[in-house]
$ cat protein_13.txt   # compact mmCIF, C-alpha atoms and all ligand atoms
# COMPACT_ATOMS: atom_id res chain seq x y z
CA MET A 1023 43.37 -21.59 31.95
CA LYS A 1024 46.09 -24.17 32.07
CA GLN A 1025 44.30 -27.11 30.48
CA ILE A 1026 44.18 -25.40 27.05
CA ASP A 1027 46.93 -26.69 24.84
CA THR A 1028 46.13 -24.99 21.55
CA VAL A 1029 43.49 -22.57 20.33
CA ASN A 1030 42.16 -23.19 16.81
CA ILE A 1031 41.19 -20.08 14.86
CA ILE A 1032 38.98 -20.24 11.78
CA GLY A 1033 39.56 -17.22 9.53
CA GLY A 1034 42.57 -15.06 8.69
CA GLY A 1035 40.91 -11.64 8.62
CA ILE A 1036 41.60 -8.99 11.24
CA ALA A 1037 39.73 -10.90 13.98
CA GLY A 1038 41.61 -14.15 13.31
CA LEU A 1039 45.04 -12.59 12.77
CA THR A 1040 44.85 -10.42 15.87
CA THR A 1041 43.55 -13.32 17.97
CA ALA A 1042 46.62 -15.27 16.92
CA LEU A 1043 48.86 -12.31 17.73
CA ALA A 1044 47.19 -11.74 21.10
CA LEU A 1045 47.50 -15.45 21.99
CA LYS A 1046 51.15 -15.39 20.96
CA THR A 1047 51.71 -12.32 23.15
CA ASN A 1048 50.13 -14.24 26.05
CA GLY A 1049 52.21 -17.36 25.38
CA ILE A 1050 49.29 -19.53 24.19
CA ASN A 1051 49.63 -21.85 21.18
CA TYR A 1052 47.41 -21.28 18.16
CA GLU A 1053 46.64 -22.83 14.79
CA LEU A 1054 44.99 -20.51 12.27
CA PHE A 1055 43.05 -21.79 9.24
CA GLU A 1056 42.32 -19.50 6.30
CA GLN A 1057 40.41 -20.68 3.25
CA SER A 1058 42.13 -18.26 0.83
CA PRO A 1059 45.56 -18.96 -0.66
CA GLU A 1060 47.08 -15.87 1.00
CA ILE A 1061 46.61 -13.41 3.83
CA THR A 1062 45.72 -10.17 2.14
CA TYR A 1063 43.01 -7.57 1.64
CA GLN A 1064 41.81 -5.04 -0.92
CA ASN A 1065 43.83 -1.92 -1.62
CA VAL A 1066 41.74 0.27 0.69
CA ALA A 1067 42.09 2.27 3.88
CA LEU A 1068 41.36 1.26 7.45
CA GLY A 1069 40.31 3.70 10.15
CA ILE A 1070 41.61 2.77 13.61
CA SER A 1071 40.09 4.63 16.53
CA ALA A 1072 42.23 5.94 19.38
CA ASN A 1073 41.01 3.34 21.90
CA ILE A 1074 42.93 0.64 19.95
CA ARG A 1075 46.33 2.32 20.36
CA HIS A 1076 47.14 0.78 23.72
CA ILE A 1077 46.26 -2.65 22.31
CA LEU A 1078 48.54 -2.19 19.30
CA LYS A 1079 51.22 -1.02 21.71
CA GLU A 1080 50.89 -4.14 23.85
CA TRP A 1081 51.16 -6.22 20.68
CA ASP A 1082 54.27 -4.17 19.82
CA ILE A 1083 52.94 -3.01 16.45
CA LEU A 1084 51.82 0.56 17.20
CA GLU A 1085 54.84 2.31 15.69
CA GLU A 1086 54.82 0.13 12.57
CA THR A 1087 51.08 0.65 12.16
CA LYS A 1088 51.57 4.41 12.30
CA GLN A 1089 54.04 4.11 9.41
CA LEU A 1090 51.24 2.67 7.24
CA GLY A 1091 49.24 5.89 7.21
CA THR A 1092 48.66 9.04 9.20
CA GLU A 1093 46.82 10.48 12.16
CA ILE A 1094 43.39 12.08 11.77
CA TYR A 1095 42.71 15.06 14.02
CA ASP A 1096 39.75 16.81 12.41
CA PHE A 1097 36.34 15.68 11.27
CA HIS A 1098 34.27 17.86 8.91
CA LEU A 1099 30.71 17.46 7.69
CA VAL A 1100 30.31 19.44 4.47
CA ASP A 1101 27.58 19.94 1.87
CA ASN A 1102 27.86 19.19 -1.85
CA LYS A 1103 29.67 22.49 -2.54
CA LEU A 1104 32.22 21.91 0.23
CA ASN A 1105 30.58 24.42 2.56
CA TYR A 1106 31.41 23.39 6.13
CA LEU A 1107 28.32 22.30 8.11
CA LYS A 1108 30.10 21.16 11.23
CA SER A 1109 33.74 20.69 12.18
CA PHE A 1110 35.23 19.23 15.28
CA LYS A 1111 38.49 17.87 16.57
CA LEU A 1112 38.42 14.20 17.44
CA PRO A 1113 38.80 13.88 21.24
CA LYS A 1114 41.85 11.68 20.52
CA PRO A 1115 43.43 11.26 17.07
CA ALA A 1116 42.45 8.23 14.99
CA LEU A 1117 44.74 6.43 12.55
CA SER A 1118 44.03 6.10 8.83
CA VAL A 1119 46.22 3.30 7.42
CA HIS A 1120 46.67 1.16 4.35
CA ARG A 1121 44.58 -1.94 5.06
CA ARG A 1122 46.36 -4.48 2.88
CA GLN A 1123 49.68 -3.50 4.45
CA PHE A 1124 48.16 -3.75 7.93
CA HIS A 1125 47.12 -7.37 7.24
CA LYS A 1126 50.65 -7.98 5.96
CA LEU A 1127 52.11 -6.52 9.15
CA LEU A 1128 49.93 -8.74 11.34
CA TYR A 1129 50.88 -11.80 9.29
CA SER A 1130 54.58 -10.96 9.53
CA ARG A 1131 54.34 -11.11 13.34
CA LEU A 1132 52.90 -14.65 13.33
CA ASP A 1133 54.61 -18.00 12.93
CA ALA A 1134 54.16 -19.34 9.39
CA GLN A 1135 54.11 -22.97 10.58
CA HIS A 1136 50.93 -22.23 12.56
CA ILE A 1137 49.07 -20.58 9.66
CA HIS A 1138 47.32 -22.97 7.31
CA LEU A 1139 46.30 -21.35 4.04
CA ASN A 1140 43.92 -22.88 1.49
CA THR A 1141 42.22 -24.57 4.43
CA GLN A 1142 38.50 -24.28 4.90
CA LYS A 1143 37.22 -25.49 8.27
CA SER A 1144 33.86 -26.21 9.89
CA ILE A 1145 32.88 -27.17 13.44
CA GLY A 1146 32.82 -30.85 12.54
CA ASP A 1147 36.58 -30.78 11.83
CA PHE A 1148 37.35 -30.37 15.54
CA GLY A 1149 36.98 -32.67 18.50
CA GLU A 1150 34.79 -31.86 21.52
CA ASN A 1151 37.78 -30.98 23.67
CA GLU A 1152 39.36 -28.61 21.20
CA VAL A 1153 38.88 -24.85 21.60
CA VAL A 1154 37.68 -23.20 18.39
CA ILE A 1155 37.46 -19.49 17.71
CA SER A 1156 35.21 -18.77 14.78
CA ALA A 1157 36.51 -15.59 13.13
CA ASP A 1158 35.09 -16.39 9.73
CA GLY A 1159 33.51 -13.04 8.97
CA ILE A 1160 30.06 -11.65 8.23
CA ASN A 1161 28.98 -14.69 6.18
CA SER A 1162 30.20 -17.08 8.90
CA SER A 1163 29.18 -20.63 8.06
CA ILE A 1164 29.76 -21.55 11.72
CA ARG A 1165 27.23 -18.93 12.85
CA GLN A 1166 24.77 -20.17 10.23
CA GLU A 1167 25.23 -23.70 11.49
CA ILE A 1168 24.61 -22.70 15.12
CA TYR A 1169 21.89 -20.12 14.42
CA PRO A 1170 20.33 -20.78 11.00
CA ASN A 1171 17.56 -18.26 11.71
CA LEU A 1172 19.85 -15.35 12.61
CA LYS A 1173 19.81 -13.22 9.47
CA LEU A 1174 21.88 -10.33 8.18
CA ARG A 1175 20.16 -6.94 7.93
CA ASP A 1176 20.51 -5.13 4.62
CA SER A 1177 20.77 -1.33 4.77
CA ASN A 1178 19.98 -1.17 1.04
CA GLN A 1179 23.05 0.98 0.64
CA ILE A 1180 26.11 0.26 -1.45
CA LEU A 1181 29.58 1.65 -0.90
CA PHE A 1182 32.39 2.18 -3.41
CA ARG A 1183 35.88 2.99 -2.22
CA GLY A 1184 39.47 3.38 -3.29
CA ILE A 1185 42.73 5.22 -2.73
CA SER A 1186 43.81 8.26 -4.76
CA GLU A 1187 47.26 9.74 -5.11
CA MET A 1188 47.00 13.50 -5.59
CA VAL A 1189 47.98 16.88 -4.21
CA LEU A 1190 45.19 18.47 -2.20
CA ASP A 1191 44.87 21.67 -0.23
CA LYS A 1192 46.33 21.73 3.29
CA LYS A 1193 42.86 21.57 4.87
CA PHE A 1194 42.53 17.95 3.69
CA GLN A 1195 45.65 16.86 5.54
CA ASN A 1196 45.14 14.82 8.73
CA SER A 1197 41.42 15.22 8.31
CA TYR A 1198 38.20 13.51 7.34
CA HIS A 1199 35.74 15.32 5.05
CA ASP A 1200 32.27 13.79 4.81
CA PHE A 1201 30.01 15.28 2.09
CA VAL A 1202 26.46 14.60 3.27
CA GLY A 1203 23.03 15.27 1.78
CA GLN A 1204 21.02 14.49 -1.36
CA ASN A 1205 20.72 10.83 -0.34
CA LEU A 1206 24.43 10.39 -1.11
CA ARG A 1207 27.71 10.45 0.76
CA PHE A 1208 31.23 11.10 -0.38
CA ALA A 1209 34.20 11.11 1.98
CA ILE A 1210 37.86 12.04 1.62
CA ILE A 1211 40.24 10.81 4.31
CA HIS A 1212 43.95 11.57 4.41
CA MET A 1213 46.28 8.54 4.52
CA GLY A 1214 49.59 10.38 4.69
CA GLY A 1215 51.69 12.12 2.03
CA ASN A 1216 49.72 12.54 -1.18
CA TYR A 1217 47.46 9.57 -0.51
CA TYR A 1218 43.76 9.96 0.25
CA SER A 1219 41.16 7.27 0.67
CA TRP A 1220 37.62 7.99 -0.44
CA TYR A 1221 34.24 6.36 -0.47
CA VAL A 1222 30.82 6.83 -1.99
CA ILE A 1223 27.67 5.56 -0.29
CA LYS A 1224 24.44 5.49 -2.21
CA GLU A 1225 21.11 3.75 -2.15
CA LYS A 1226 21.21 0.29 -3.67
CA LYS A 1227 18.59 0.09 -6.37
CA THR A 1228 18.97 -2.31 -9.26
CA PHE A 1229 21.75 -3.94 -11.20
CA GLU A 1230 23.06 -0.51 -12.24
CA GLU A 1231 25.74 -0.69 -9.52
CA VAL A 1232 27.23 -3.88 -10.85
CA LEU A 1233 28.37 -2.05 -13.94
CA PHE A 1234 30.16 0.71 -12.11
CA ASP A 1235 33.07 2.70 -13.40
CA LYS A 1236 34.49 6.18 -12.79
CA ALA A 1237 32.12 7.86 -15.24
CA ALA A 1238 29.10 6.18 -13.62
CA LEU A 1239 30.26 7.17 -10.13
CA LYS A 1240 30.90 10.76 -11.18
CA SER A 1241 27.44 10.99 -12.74
CA TYR A 1242 25.92 10.76 -9.23
CA PHE A 1243 27.82 13.89 -8.21
CA LYS A 1244 26.95 16.29 -11.04
CA ASN A 1245 26.23 19.29 -8.83
CA TYR A 1246 29.11 18.67 -6.43
CA HIS A 1247 32.36 20.53 -5.86
CA ALA A 1248 34.97 19.64 -8.53
CA ILE A 1249 37.19 17.95 -5.96
CA VAL A 1250 34.80 14.97 -5.83
CA HIS A 1251 35.39 14.28 -9.53
CA GLN A 1252 39.14 14.84 -9.20
CA VAL A 1253 39.41 12.33 -6.37
CA ILE A 1254 37.44 9.68 -8.28
CA ASP A 1255 39.52 10.31 -11.41
CA SER A 1256 42.78 9.87 -9.46
CA SER A 1257 41.79 6.56 -7.91
CA GLU A 1258 43.78 3.51 -8.91
CA ASN A 1259 40.98 1.04 -8.10
CA ILE A 1260 37.32 1.03 -7.14
CA TYR A 1261 35.93 -1.63 -4.80
CA PRO A 1262 32.20 -2.08 -4.06
CA ALA A 1263 30.71 -3.36 -0.79
CA GLU A 1264 27.16 -3.90 0.42
CA LEU A 1265 26.40 -2.41 3.83
CA LEU A 1266 25.00 -5.11 6.11
CA ASP A 1267 24.94 -5.90 9.80
CA ILE A 1268 23.07 -8.02 12.33
CA ASP A 1269 20.47 -6.10 14.28
CA PRO A 1270 21.56 -6.40 17.95
CA LYS A 1271 17.90 -7.00 18.88
CA SER A 1272 17.81 -10.16 16.75
CA ARG A 1273 20.76 -11.72 18.62
CA ARG A 1274 19.50 -10.68 22.07
CA GLY A 1275 19.40 -13.74 24.36
CA LEU A 1276 21.57 -15.85 22.03
CA GLU A 1277 24.90 -17.18 23.28
CA TRP A 1278 27.90 -16.26 21.15
CA PHE A 1279 29.26 -19.76 21.76
CA ASN A 1280 28.31 -23.37 21.38
CA LYS A 1281 30.20 -25.92 23.49
CA ASN A 1282 33.88 -25.20 22.77
CA THR A 1283 33.33 -22.82 19.85
CA LEU A 1284 33.17 -19.03 20.26
CA LEU A 1285 32.12 -16.55 17.56
CA ILE A 1286 34.06 -13.27 17.39
CA GLY A 1287 34.37 -10.23 15.09
CA ASP A 1288 32.04 -9.91 12.12
CA ALA A 1289 31.01 -13.55 12.58
CA ILE A 1290 28.75 -12.43 15.46
CA HIS A 1291 28.56 -8.61 15.57
CA PRO A 1292 29.02 -7.18 12.07
CA THR A 1293 28.32 -3.45 11.84
CA THR A 1294 27.79 -1.05 8.97
CA PRO A 1295 30.99 0.98 8.50
CA ASN A 1296 29.45 4.38 9.29
CA MET A 1297 31.59 4.69 12.42
CA ALA A 1298 34.56 2.91 10.76
CA ASN A 1299 34.80 0.55 13.69
CA GLY A 1300 34.06 -3.12 12.83
CA ALA A 1301 37.73 -4.10 12.62
CA CYS A 1302 38.48 -2.14 15.81
CA LEU A 1303 35.75 -4.10 17.61
CA ALA A 1304 37.32 -7.30 16.29
CA MET A 1305 40.74 -6.26 17.63
CA GLU A 1306 39.23 -5.56 21.05
CA ASP A 1307 37.58 -9.01 20.94
CA SER A 1308 40.98 -10.61 20.32
CA TYR A 1309 42.69 -8.65 23.05
CA LEU A 1310 40.06 -9.43 25.68
CA LEU A 1311 39.72 -13.07 24.69
CA ALA A 1312 43.46 -13.82 24.85
CA GLY A 1313 43.63 -12.18 28.28
CA LEU A 1314 40.72 -14.25 29.55
CA LEU A 1315 42.16 -17.48 28.12
CA SER A 1316 45.33 -16.83 30.11
CA HIS A 1317 43.26 -16.68 33.28
CA GLU A 1318 44.00 -19.85 35.21
CA ASN A 1319 40.95 -19.88 37.47
CA LEU A 1320 38.18 -19.74 34.88
CA THR A 1321 36.52 -22.57 32.99
CA LEU A 1322 36.06 -22.23 29.24
CA ARG A 1323 32.35 -21.61 29.69
CA GLN A 1324 33.03 -18.87 32.23
CA ILE A 1325 35.53 -17.27 29.85
CA PHE A 1326 33.01 -17.28 27.01
CA GLU A 1327 30.30 -15.86 29.29
CA VAL A 1328 32.50 -13.06 30.61
CA PHE A 1329 33.63 -12.34 27.06
CA GLN A 1330 30.09 -12.06 25.69
CA LYS A 1331 28.84 -9.93 28.58
CA SER A 1332 31.72 -7.52 28.31
CA ARG A 1333 31.65 -7.26 24.53
CA THR A 1334 27.86 -6.91 24.24
CA SER A 1335 27.88 -3.68 26.22
CA LYS A 1336 30.58 -2.25 23.95
CA VAL A 1337 29.48 -3.62 20.60
CA ASN A 1338 25.72 -3.02 20.65
CA PRO A 1339 25.79 0.81 20.89
CA VAL A 1340 28.39 1.00 18.11
CA VAL A 1341 26.30 -1.21 15.81
CA PHE A 1342 23.19 0.80 16.70
CA TYR A 1343 24.70 4.25 16.08
CA SER A 1344 26.44 3.13 12.87
CA TRP A 1345 23.12 1.98 11.47
CA TRP A 1346 21.29 5.05 12.76
CA PHE A 1347 23.83 7.53 11.35
CA GLY A 1348 23.82 5.75 7.98
CA LYS A 1349 20.05 6.09 7.80
CA VAL A 1350 19.80 9.68 9.06
CA VAL A 1351 22.26 11.09 6.52
CA HIS A 1352 20.54 9.33 3.60
CA GLN A 1353 17.22 11.07 3.02
CA ASN A 1354 15.12 10.86 -0.12
CA ASN A 1355 12.89 13.72 0.91
CA LYS A 1356 14.51 17.11 0.20
CA ILE A 1357 12.80 18.88 3.11
CA ILE A 1358 13.97 16.24 5.61
CA ASP A 1359 17.41 16.26 4.00
CA ASP A 1360 17.67 20.05 4.51
CA LEU A 1361 16.46 19.67 8.10
CA VAL A 1362 19.10 16.99 8.79
CA LYS A 1363 21.82 19.28 7.45
CA LEU A 1364 20.48 22.16 9.52
CA GLY A 1365 20.41 19.87 12.54
CA MET A 1366 24.04 18.96 11.94
CA ALA A 1367 25.04 22.59 11.71
CA LEU A 1368 23.22 23.37 14.98
CA THR A 1369 23.91 20.19 16.92
CA PRO A 1370 26.10 20.93 19.87
CA ARG A 1371 29.50 19.38 20.12
CA PHE A 1372 28.65 17.38 23.22
CA LEU A 1373 26.14 15.26 21.28
CA PHE A 1374 28.82 14.20 18.78
CA ASP A 1375 31.15 13.48 21.69
CA LYS A 1376 28.45 11.45 23.43
CA ILE A 1377 27.84 9.24 20.38
CA TYR A 1378 31.54 8.87 19.61
CA SER A 1379 32.33 8.08 23.26
CA ASN A 1380 30.78 4.63 22.62
CA VAL A 1381 33.71 3.95 20.33
CA LEU A 1382 36.38 5.39 22.60
CA ILE A 1383 35.74 3.15 25.63
CA GLU A 1384 38.98 1.26 26.23
CA THR A 1385 39.04 -2.50 26.70
CA ASN A 1386 41.04 -3.37 29.76
CA ILE A 1387 41.50 -6.98 30.79
CA LYS A 1388 43.42 -6.17 33.97
CA ASN A 1389 40.26 -5.13 35.82
CA ARG A 1390 38.29 -8.27 35.01
C1 LIG A 1401 33.23 -0.80 3.17
C2 LIG A 1401 33.74 -1.14 4.54
C3 LIG A 1401 34.63 -0.28 5.17
C4 LIG A 1401 35.10 -0.57 6.46
N1 LIG A 1401 35.96 0.30 7.07
C5 LIG A 1401 36.36 0.04 8.34
C6 LIG A 1401 37.25 0.94 9.01
O1 LIG A 1401 37.69 1.94 8.46
N2 LIG A 1401 37.61 0.65 10.30
C7 LIG A 1401 37.15 -0.47 10.94
O2 LIG A 1401 37.49 -0.67 12.11
N3 LIG A 1401 36.33 -1.35 10.31
C8 LIG A 1401 35.94 -1.12 9.04
N4 LIG A 1401 35.11 -2.00 8.40
C9 LIG A 1401 34.68 -3.23 9.09
C10 LIG A 1401 35.73 -4.33 8.94
O3 LIG A 1401 36.09 -4.49 7.59
C11 LIG A 1401 35.22 -5.65 9.49
O4 LIG A 1401 34.59 -5.43 10.72
C12 LIG A 1401 36.39 -6.62 9.67
O5 LIG A 1401 36.96 -6.93 8.43
C13 LIG A 1401 35.93 -7.89 10.35
O6 LIG A 1401 37.02 -8.77 10.44
P1 LIG A 1401 36.80 -10.34 10.60
O7 LIG A 1401 38.15 -10.92 10.72
O8 LIG A 1401 35.79 -10.58 11.65
O9 LIG A 1401 36.11 -10.79 9.24
P2 LIG A 1401 36.73 -10.86 7.77
O10 LIG A 1401 37.60 -9.70 7.50
O11 LIG A 1401 35.58 -11.08 6.85
O12 LIG A 1401 37.64 -12.16 7.78
C14 LIG A 1401 37.09 -13.45 7.77
C15 LIG A 1401 38.13 -14.41 7.18
O13 LIG A 1401 37.71 -15.74 7.37
C16 LIG A 1401 37.95 -16.48 6.21
N5 LIG A 1401 37.02 -17.62 6.23
C17 LIG A 1401 35.67 -17.57 6.11
N6 LIG A 1401 35.14 -18.80 6.26
C18 LIG A 1401 36.18 -19.65 6.49
C19 LIG A 1401 36.26 -21.05 6.74
N7 LIG A 1401 35.18 -21.82 6.83
N8 LIG A 1401 37.50 -21.61 6.93
C20 LIG A 1401 38.60 -20.82 6.87
N9 LIG A 1401 38.58 -19.50 6.63
C21 LIG A 1401 37.37 -18.91 6.46
C22 LIG A 1401 37.72 -15.49 5.08
O14 LIG A 1401 38.36 -15.90 3.89
C23 LIG A 1401 38.33 -14.23 5.69
O15 LIG A 1401 39.70 -14.12 5.41
C24 LIG A 1401 34.66 -1.73 7.11
C25 LIG A 1401 33.75 -2.60 6.46
C26 LIG A 1401 33.30 -2.30 5.19
C27 LIG A 1401 32.32 -3.23 4.53
$ encode --input "protein_13.txt" --output "structure tokens" --more "lines below"
Ligand SMILES: Cc1cc2nc3c(=O)[nH]c(=O)nc-3n(C[C@H](O)[C@H](O)[C@H](O)COP(=O)(O)OP(=O)(O)OC[C@H]3O[C@@H](n4cnc5c(N)ncnc54)[C@H](O)[C@@H]3O)c2cc1C
Amino acid sequence: MKQIDTVNIIGGGIAGLTTALALKTNGINYELFEQSPEITYQNVALGISANIRHILKEWDILEETKQLGTEIYDFHLVDNKLNYLKSFKLPKPALSVHRRQFHKLLYSRLDAQHIHLNTQKSIGDFGENEVVISADGINSSIRQEIYPNLKLRDSNQILFRGISEMVLDKKFQNSYHDFVGQNLRFAIIHMGGNYYSWYVIKEKKTFEEVLFDKAALKSYFKNYHAIVHQVIDSSENIYPAELLDIDPKSRRGLEWFNKNTLLIGDAIHPTTPNMANGACLAMEDSYLLAGLLSHENLTLRQIFEVFQKSRTSKVNPVVFYSWWFGKVVHQNNKIIDDLVKLGMALTPRFLFDKIYSNVLIETNIKNR
């Protein structure tokens, strides 16, 4: 749409940075406002599903992104003793990359004069004719201003994660091992070379988790294969995160926009990370949005409506299955826990493919 001079982006996370990059690729001006003093992220891994490759390619960062990690071909569900419950090849390989470096790469492709650090923005800072993209994350103050009653959903689970440098057996290379059962999860994901990312997910109970350290984390895994302890011991850092989302049912019927402001990424559709896909959804948002904004025959309202309709059908199943999977694999009751593991061992491949196919749908703006 020709009348847009500049798009204002609030937030310099993956949604904001990739929106800026997508706009730049489409020849549209942007100004990005980030409240923090720098564009960065924790020293953790980022899983990027195969459907994002063509987007990274169009943004001309696919090859550089690949250099930040490795490809994941195999997915294994294992029990506490590393007995394989279910293994399958991903239909198309995912990428497992260093997240802080990925943010750095995105930043390096943008124009510094259009990035405003240490700058916190709200809707009131912009005029009625200015286009504002609210990419201010799961705690979005813009969303809270527009929809004060739309609340986050707490899974009552807490995640700890880090990156370990160590030599592991060949079977851990280019693969994802997810230890499930006993109301706990532990995962080891290759990141290339001798680097492996890992995470723990456990029920959130009291303040015990605030005082976490390696010894405390290892104490949850007393009857586990020794590799779990080795990976935790080799980790340089440990970062905690609460697992929250917004139940798609609670935002049903709500517009993702208000006048000239559109919510994208975690600001409107946060998901628990059980399918490692929230950032991928944000990148798809950016890609689709920039394409629509380049469309000369659509009004801003039409663009926002098409955007929401298209993204709802993609985002809602991913949020749903992430939540569902996170709940199913965390069972307090030992009998149900054993049944879930048995179910995983017996579940046919096509069911995994069917659930994962929700992630793999490619966003294509050319057909819209
Ligand atoms: C433990 C964990 C693991 C995950 N792993 C994966 C994974 O492997 N793969 C994947 O695809 N996704 C993953 N995700 C999801 C992913 O992290 C999020 O979906 C993604 O970060 C959302 O990006 P965003 O830009 O929307 O929000 P954010 O990353 O939260 O960025 C928002 C930015 O806005 C800034 N901001 C906020 N308010 C203002 C304001 N008023 N003015 C200016 N700036 C502001 C913030 O400082 C921040 O920089 C994971 C999530 C968690 C919790």
$ residues_near_ligand --input "protein_13.txt" --ligand "ligand LIG 1401 (chain A)" --cutoff "7 Å" --atoms "only C-alpha atoms and all ligand atoms" --output "JSON, numbers by chain"
{"A": [1032, 1033, 1034, 1035, 1036, 1037, 1038, 1055, 1056, 1057, 1058, 1067, 1068, 1069, 1070, 1141, 1142, 1143, 1144, 1157, 1158, 1159, 1160, 1162, 1163, 1181, 1263, 1264, 1265, 1286, 1287, 1288, 1289, 1292, 1293, 1294, 1295, 1298, 1299, 1300, 1301, 1302, 1303, 1304]}
$ axis_aligned_box --input "protein_13.txt" --around "region 1201-1207 of chain A" --padding-each-side "4 Å" --output "AutoDock Vina command-line options"
--center_x 25.4 --center_y 12.8 --center_z 1.0 --size_x 17.3 --size_y 12.9 --size_z 12.6
$ atom_distance --input "protein_13.txt" --atom1 "CA of Asp1027 (chain A)" --atom2 "CA of Ser1316 (chain A)"
11.3 Å
$ closest_residue --input "protein_13.txt" --among "A:Ile1164, A:Val1202, A:Ile1325, A:Met1213" --to "Ile1145 (chain A)" --atoms "only C-alpha atoms"
A:Ile1164
$ closest_residue --input "protein_13.txt" --among "A:Ser1344, A:Ser1109, A:Ser1219, A:Gln1204" --to "Asp1096 (chain A)" --atoms "all atoms listed in the file"
A:Ser1109
$ closest_residue --input "protein_13.txt" --among "A:Val1029, A:Leu1315, A:Leu1104, A:Leu1382" --to "Glu1053 (chain A)" --atoms "all atoms listed in the file"
A:Val1029
$ closest_residue --input "protein_13.txt" --among "A:Phe1182, A:Phe1342, A:Phe1097, A:Trp1278" --to "Gln1330 (chain A)" --atoms "all atoms listed in the file"
A:Trp1278
$ atom_distance --input "protein_13.txt" --atom1 "CA of Tyr1261 (chain A)" --atom2 "CA of Ile1210 (chain A)"
15.2 Å
$ closest_residue --input "protein_13.txt" --among "A:Leu1266, A:Arg1183, A:Gly1365, A:Ser1118" --to "Ala1209 (chain A)" --atoms "only C-alpha atoms"
A:Arg1183
$ closest_residue --input "protein_13.txt" --among "A:Ser1177, A:Gln1353, A:Asn1216, A:Asn1196" --to "Asp1269 (chain A)" --atoms "only C-alpha atoms"
A:Ser1177
$ residues_around --input "protein_13.txt" --residues "Phe1194 (chain A)" --least-positions-apart "2" --cutoff "9 Å" --atoms "all atoms listed in the file" --output "PyMOL selection string"
chain A and resi 1190-1192+1196-1199+1210-1212+1218
$ write_last_selection --input "protein_13.txt" --atoms "C-alpha atoms" --output "mmCIF file, in the frame of the given file"
data_model
loop_
_atom_site.group_PDB
_atom_site.id
_atom_site.type_symbol
_atom_site.label_atom_id
_atom_site.label_comp_id
_atom_site.auth_asym_id
_atom_site.auth_seq_id
_atom_site.Cartn_x
_atom_site.Cartn_y
_atom_site.Cartn_z
ATOM 1 C CA LEU A 1190 45.190 18.470 -2.200
ATOM 2 C CA ASP A 1191 44.870 21.670 -0.230
ATOM 3 C CA LYS A 1192 46.330 21.730 3.290
ATOM 4 C CA ASN A 1196 45.140 14.820 8.730
ATOM 5 C CA SER A 1197 41.420 15.220 8.310
ATOM 6 C CA TYR A 1198 38.200 13.510 7.340
ATOM 7 C CA HIS A 1199 35.740 15.320 5.050
ATOM 8 C CA ILE A 1210 37.860 12.040 1.620
ATOM 9 C CA ILE A 1211 40.240 10.810 4.310
ATOM 10 C CA HIS A 1212 43.950 11.570 4.410
ATOM 11 C CA TYR A 1218 43.760 9.960 0.250
#
$ atom_distance --input "protein_13.txt" --atom1 "CA of Trp1345 (chain A)" --atom2 "CA of Val1250 (chain A)"
24.6 Å
$ residues_around --input "protein_13.txt" --residues "Phe1208 (chain A)" --least-positions-apart "4" --cutoff "6 Å" --atoms "only C-alpha atoms" --output "ChimeraX atom specification"
/A:1200-1201,1221-1222
$ residues_around --input "protein_13.txt" --residues "region 1254-1258 of chain A" --least-positions-apart "6" --cutoff "8 Å" --atoms "all atoms listed in the file" --output "number ranges by chain"
A: 1184-1188, 1236, 1239-1240
$ closest_atom_pairs --input "protein_13.txt" --of "region 1126-1184 of chain A" --to "region 1082-1093 of chain A" --cutoff "10 Å" --atoms "all atoms listed in the file" --output "tab-separated table"
residue	atom	partner	partner_atom	distance
A:Leu1127	CA	A:Thr1087	CA	7.8
A:Leu1128	CA	A:Ile1083	CA	8.2
A:Arg1131	CA	A:Ile1083	CA	8.8
$ write_last_selection --input "protein_13.txt" --atoms "C-alpha atoms" --output "PDB file, in the coordinates of the input"
ATOM      1  CA  LEU A1127      52.110  -6.520   9.150  1.00  0.00           C
ATOM      2  CA  LEU A1128      49.930  -8.740  11.340  1.00  0.00           C
ATOM      3  CA  ARG A1131      54.340 -11.110  13.340  1.00  0.00           C
TER       4      ARG A1131
END
$ residues_around --input "protein_13.txt" --residues "Asn1296 (chain A)" --least-positions-apart "6" --cutoff "10 Å" --atoms "only C-alpha atoms" --output "number ranges by chain"
A: 1223, 1265, 1340-1341, 1343-1349
$ residues_around --input "protein_13.txt" --residues "Thr1041 (chain A)" --least-positions-apart "6" --cutoff "9 Å" --atoms "only C-alpha atoms" --output "PDB file with C-alpha atoms, in the coordinates of the input"
ATOM      1  CA  ILE A1031      41.190 -20.080  14.860  1.00  0.00           C
ATOM      2  CA  TYR A1052      47.410 -21.280  18.160  1.00  0.00           C
ATOM      3  CA  ILE A1155      37.460 -19.490  17.710  1.00  0.00           C
ATOM      4  CA  ALA A1157      36.510 -15.590  13.130  1.00  0.00           C
ATOM      5  CA  ALA A1304      37.320  -7.300  16.290  1.00  0.00           C
ATOM      6  CA  MET A1305      40.740  -6.260  17.630  1.00  0.00           C
ATOM      7  CA  ASP A1307      37.580  -9.010  20.940  1.00  0.00           C
ATOM      8  CA  SER A1308      40.980 -10.610  20.320  1.00  0.00           C
ATOM      9  CA  TYR A1309      42.690  -8.650  23.050  1.00  0.00           C
ATOM     10  CA  LEU A1311      39.720 -13.070  24.690  1.00  0.00           C
ATOM     11  CA  ALA A1312      43.460 -13.820  24.850  1.00  0.00           C
TER      12      ALA A1312
END
